[in-house]
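What follows is a single structure, written as structure tokens, with notes after it.
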Amino acid sequence: MTIYKEKQLVYDKTGSEIDFIYGVAQEKLYRYAEEGRMNRKIVFLDIDGTLTESGSNRSPGSALRAVRQARTRGHLVFLCSGRNYAMLSPLLDYGFDGVAASAGGYVECGGEIIFDCPMTEEQRLRALKVFADNGVFRTVECRDASYTDESFQEYLREHITEGRNRELLRKRVALEEALRMLPMRQYREEPVYKVVFMSPCQERLVKPWEMLKEDFTFWMQEEKGDCFISGELMNRKFHKGQAVERVCRHLGIDRCDSLAFGDSMNDREMLETAGCGICMGNGSPALKELADDVCPPVGKEGLYRAFLKYGLITDGE
């Protein structure tokens with residue numbers, strides 16, 4: 001089986017174009033080629049910044065073509081995202097073999113639920129109260145809907161002349177519309193898998209951290225110059241890496257035959273757990289450093305070219 005062309009363009013750790021990388025990931029493929037085999041693989045895809053541009057439900061045609069071709073050849077492709085099930089569901093029409101939603105808190109294989117771990121009632125009440133009591137804005141992510149504090153947009157409008165609040169407000173309105181977030185007043189105490197928090201300052205997060213740190217990790221979003229400190233409250237009982245383990249174990253697939261694609265540090269465990277972890281060219285510099293490989297950016301046929309490189313598909317299919 002031919003995996004490589006004589007001259008194939010790939011990307012190095014910095015995202016610069018070179019002819020070949022002789023790294024860990026490349027050596028794995030040489031081994032497959034020498035053995036004359038390519039086992040069925042299982043691929044885990046982050047969504048925002050990997051399958052789509054961040055906050056979008058539209059994926060490049062080349063990426064969707066790669067997914068279809070890989071599945072036609074017998075490989076499995078899963079979504080593995082921080083989004084809840086409702087937020088990622090518009091992408092399911094493209095065809096996937098399963099999902100790990102809410103950063104691994106809810107996992108489906110072929111329509112079968114194999115893991116479902118929302119917060120306990122006590123955890124939910126404690127988390128929502130301590131954030132509200134300390135002036136931290138919340139978006140609660142349930143399985144079938146997300147609810148966000150209306151007061152966040154109101155705060156931005158009241159402080160629109162400060163820093164980048166005007167741009168942040170524009171992006172926030174677009175994000176809520178694209179991902180179909182509902183106002184908090186419609187929340188009816190459904191089980192919660194994750195809480196996204198937005199704080200005007202670090203001090204407001206001190207008390208929530210003290211009260212929640214035993215049960216949850218605080219994943220802080222990378223600094224983008226916004227006037228707010230944003231992050232996600234993640235249950236210590238799961239993460240994306242454990243989702244990879246659960247799916248592989250359920251399907252009887254060796255983790256060595258898994259590949260994971262991501263772009264930010266909340267994908268770290270997923271990339272470290274999979275047999276081969278690949279960071280997008282538009283991804284975090286820190287994630288690029290620990291990844292096995294770096295592929296082109298999402299907007300430059302990154303997934304398609306990586307699927308070609310790793311023998312999941314062939315050109316011209």
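Starting from 1 in every chain, residues are counted up; chains themselves are A, B, ... following the order of the structure tokens, and ligands are numbered from 1 as listed.
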inquiry  = Can you pull out the residues contacting Pro200 of chain A? Cut-off 10 Å, using only C-alpha atoms, and skip same-chain residues under 3 positions away; I want them as number ranges by chain.
reply    = A: 135-137, 155, 203-205, 226-230
message = Residues within 9 Å of Gln186 of chain A, please, as an MDAnalysis selection string. Count only C-alpha atoms; anything in the same chain fewer than 3 positions from it doesn't count.
response = chainID A and resid 147 182:183
Do you have, as CSV, the list of residues of segment 35-92 of chain A lying at most 12 Å from segment 252-255 of chain A, each with its nearest atom pair and that distance in Å to one decimal, counting only C-alpha atoms and ordered by chain then number?
residue,atom,partner,partner_atom,distance
A:Asn39,CA,A:Ile253,CA,10.1
A:Arg40,CA,A:Ile253,CA,8.8
A:Lys41,CA,A:Ile253,CA,8.3
A:Ile42,CA,A:Ile253,CA,8.0
A:Val43,CA,A:Arg255,CA,10.4
A:Phe44,CA,A:Arg255,CA,11.3
A:His75,CA,A:Ile253,CA,11.2
A:Leu76,CA,A:Ile253,CA,10.4
inquiry  = Give me, as a list in words, all polymer residues having an atom no more than 7 Å from Cys276 of chain A, counting only C-alpha atoms and skipping those fewer than 2 positions away in the same chain.
reply    = Ala25, Ser258, Leu259, Ala260, Leu271, Ala274, Ile278 and Asp292 of chain A
Neighbour list for Lys213 of chain A as a ChimeraX atom specification, cut-off 12 Å, only C-alpha atoms, skip fewer than 3 positions in-chain = /A:123,126-127,205-210,216-219,233-236
May I have the selected residues written with N, CA, C and O atoms, as a short mmCIF file (atom, residue, chain, number, x, y, z; two decimals), in the first residue's frame?
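Saved as part.cif:
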data_model
loop_
_atom_site.label_atom_id
_atom_site.label_comp_id
_atom_site.auth_asym_id
_atom_site.auth_seq_id
_atom_site.Cartn_x
_atom_site.Cartn_y
_atom_site.Cartn_z
N GLN A 123 -23.69 20.12 43.25
CA GLN A 123 -22.64 20.81 42.50
C GLN A 123 -23.22 21.92 41.63
O GLN A 123 -22.67 23.02 41.57
N ARG A 126 -24.37 24.88 43.80
CA ARG A 126 -23.21 25.57 44.40
C ARG A 126 -22.47 26.40 43.36
O ARG A 126 -22.09 27.55 43.60
N ALA A 127 -22.24 25.82 42.19
CA ALA A 127 -21.49 26.52 41.15
C ALA A 127 -22.23 27.76 40.65
O ALA A 127 -21.65 28.85 40.56
N LEU A 205 -13.01 35.95 40.68
CA LEU A 205 -12.93 34.51 40.54
C LEU A 205 -12.28 33.81 41.73
O LEU A 205 -12.28 32.58 41.80
N VAL A 206 -11.77 34.59 42.68
CA VAL A 206 -11.07 34.00 43.82
C VAL A 206 -11.99 33.13 44.65
O VAL A 206 -11.69 31.96 44.95
N LYS A 207 -13.12 33.64 45.05
CA LYS A 207 -14.06 32.88 45.88
C LYS A 207 -14.63 31.67 45.14
O LYS A 207 -14.67 30.56 45.71
N PRO A 208 -15.07 31.81 43.87
CA PRO A 208 -15.52 30.62 43.15
C PRO A 208 -14.46 29.52 43.08
O PRO A 208 -14.77 28.34 43.25
N TRP A 209 -13.21 29.92 42.85
CA TRP A 209 -12.15 28.93 42.78
C TRP A 209 -11.98 28.21 44.11
O TRP A 209 -11.86 26.98 44.16
N GLU A 210 -12.02 28.95 45.21
CA GLU A 210 -11.87 28.34 46.54
C GLU A 210 -12.99 27.35 46.84
O GLU A 210 -12.77 26.30 47.44
N PHE A 216 -13.93 20.60 40.57
CA PHE A 216 -13.82 21.11 39.21
C PHE A 216 -12.44 21.68 38.93
O PHE A 216 -11.74 22.13 39.84
N THR A 217 -12.09 21.67 37.65
CA THR A 217 -10.92 22.41 37.21
C THR A 217 -11.40 23.68 36.50
O THR A 217 -12.47 23.70 35.90
N PHE A 218 -10.60 24.72 36.59
CA PHE A 218 -10.89 25.98 35.91
C PHE A 218 -9.98 26.04 34.68
O PHE A 218 -8.78 26.25 34.82
N TRP A 219 -10.57 25.82 33.50
CA TRP A 219 -9.79 25.95 32.28
C TRP A 219 -9.95 27.38 31.76
O TRP A 219 -11.02 27.80 31.37
N LEU A 233 -15.70 25.87 33.54
CA LEU A 233 -15.69 25.07 34.76
C LEU A 233 -15.89 23.62 34.35
O LEU A 233 -16.96 23.24 33.86
N MET A 234 -14.85 22.80 34.54
CA MET A 234 -14.86 21.43 34.03
C MET A 234 -14.88 20.43 35.19
O MET A 234 -14.08 20.53 36.13
N ASN A 235 -15.77 19.46 35.10
CA ASN A 235 -15.88 18.41 36.11
C ASN A 235 -14.61 17.55 36.09
O ASN A 235 -14.14 17.13 35.03
N ARG A 236 -14.06 17.26 37.27
CA ARG A 236 -12.85 16.45 37.35
C ARG A 236 -13.09 14.99 36.99
O ARG A 236 -12.14 14.21 36.85
#
message = as a list in words, please: the residues near Leu88 of chain A (cut-off 9 Å, only C-alpha atoms, same-chain neighbours under 5 positions excluded).
response =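 Skipping anything fewer than 5 positions along the chain leaves Ile47, Asn57, Leu79, Ser81, Arg83, Val99, Ala101 and Leu179 of chain A.
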key: Surrounding residues of Phe115 of chain A excluding itself and chain neighbours under 3 positions, 8 Å, only C-alpha atoms, as a PyMOL selection string   = chain A and resi 105-108
Could you write out that same residue set with N, CA, C and O atoms as a PDB file, in the first residue's frame?
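What follows is the written file again.pdb:
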ATOM      1  N   GLY A 105     -18.126  14.781  28.745  1.00  0.00           N
ATOM      2  CA  GLY A 105     -19.145  14.507  29.756  1.00  0.00           C
ATOM      3  C   GLY A 105     -20.325  13.728  29.234  1.00  0.00           C
ATOM      4  O   GLY A 105     -21.084  13.134  30.009  1.00  0.00           O
ATOM      5  N   TYR A 106     -20.484  13.716  27.909  1.00  0.00           N
ATOM      6  CA  TYR A 106     -21.580  12.971  27.282  1.00  0.00           C
ATOM      7  C   TYR A 106     -21.019  12.323  26.024  1.00  0.00           C
ATOM      8  O   TYR A 106     -20.534  13.012  25.122  1.00  0.00           O
ATOM      9  N   VAL A 107     -21.077  10.990  25.952  1.00  0.00           N
ATOM     10  CA  VAL A 107     -20.443  10.269  24.850  1.00  0.00           C
ATOM     11  C   VAL A 107     -21.430   9.287  24.219  1.00  0.00           C
ATOM     12  O   VAL A 107     -22.058   8.489  24.922  1.00  0.00           O
ATOM     13  N   GLU A 108     -21.552   9.360  22.898  1.00  0.00           N
ATOM     14  CA  GLU A 108     -22.389   8.445  22.129  1.00  0.00           C
ATOM     15  C   GLU A 108     -21.542   7.716  21.094  1.00  0.00           C
ATOM     16  O   GLU A 108     -20.682   8.317  20.449  1.00  0.00           O
TER      17      GLU A 108
END
query = Restricting the calculation to only C-alpha atoms, which member of A:Leu308, A:Val247, A:Leu303, A:Cys256 is positioned closest to Cys279 of chain A?
reply = A:Leu303
inquiry  = Taking only C-alpha atoms into account, name the residue in A:Ser102, A:Ser146, A:Ser59, A:Asn134 that is nearest to Met119 of chain A.
reply    = A:Ser102
Contact residues around Arg305 of chain A with only C-alpha atoms at 9 Å, ignoring same-chain residues under 6 positions, as number ranges by chain = A: 10, 62-63, 66, 295-296
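Shortest separation to Pro60 of chain A among A:Phe78, A:Tyr94, A:Tyr310, A:Phe152 occurs at residue A:Tyr94, atoms counted being only C-alpha atoms.
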ask   = Distance atom CA of Asp257 of chain A-atom CA of Arg65 of chain A, one decimal place?
value = 21.3 Å
ask   = What gap, in Å, lies between atom CA of Gln202 of chain A and atom CA of Met220 of chain A?
value =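 Those two atoms sit 11.1 Å apart.
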ask   = as a PyMOL selection string, which residues of segment 230-295 of chain A does DSSP assign to helix (DSSP H, G or I)?
value = chain A and resi 240-251+255-257+265-273+285-290
key: A:Ala70, A:Cys142, A:Met270, A:Val294 ranked by distance to Met87 of chain A, top pick (using only C-alpha atoms)   = A:Cys142
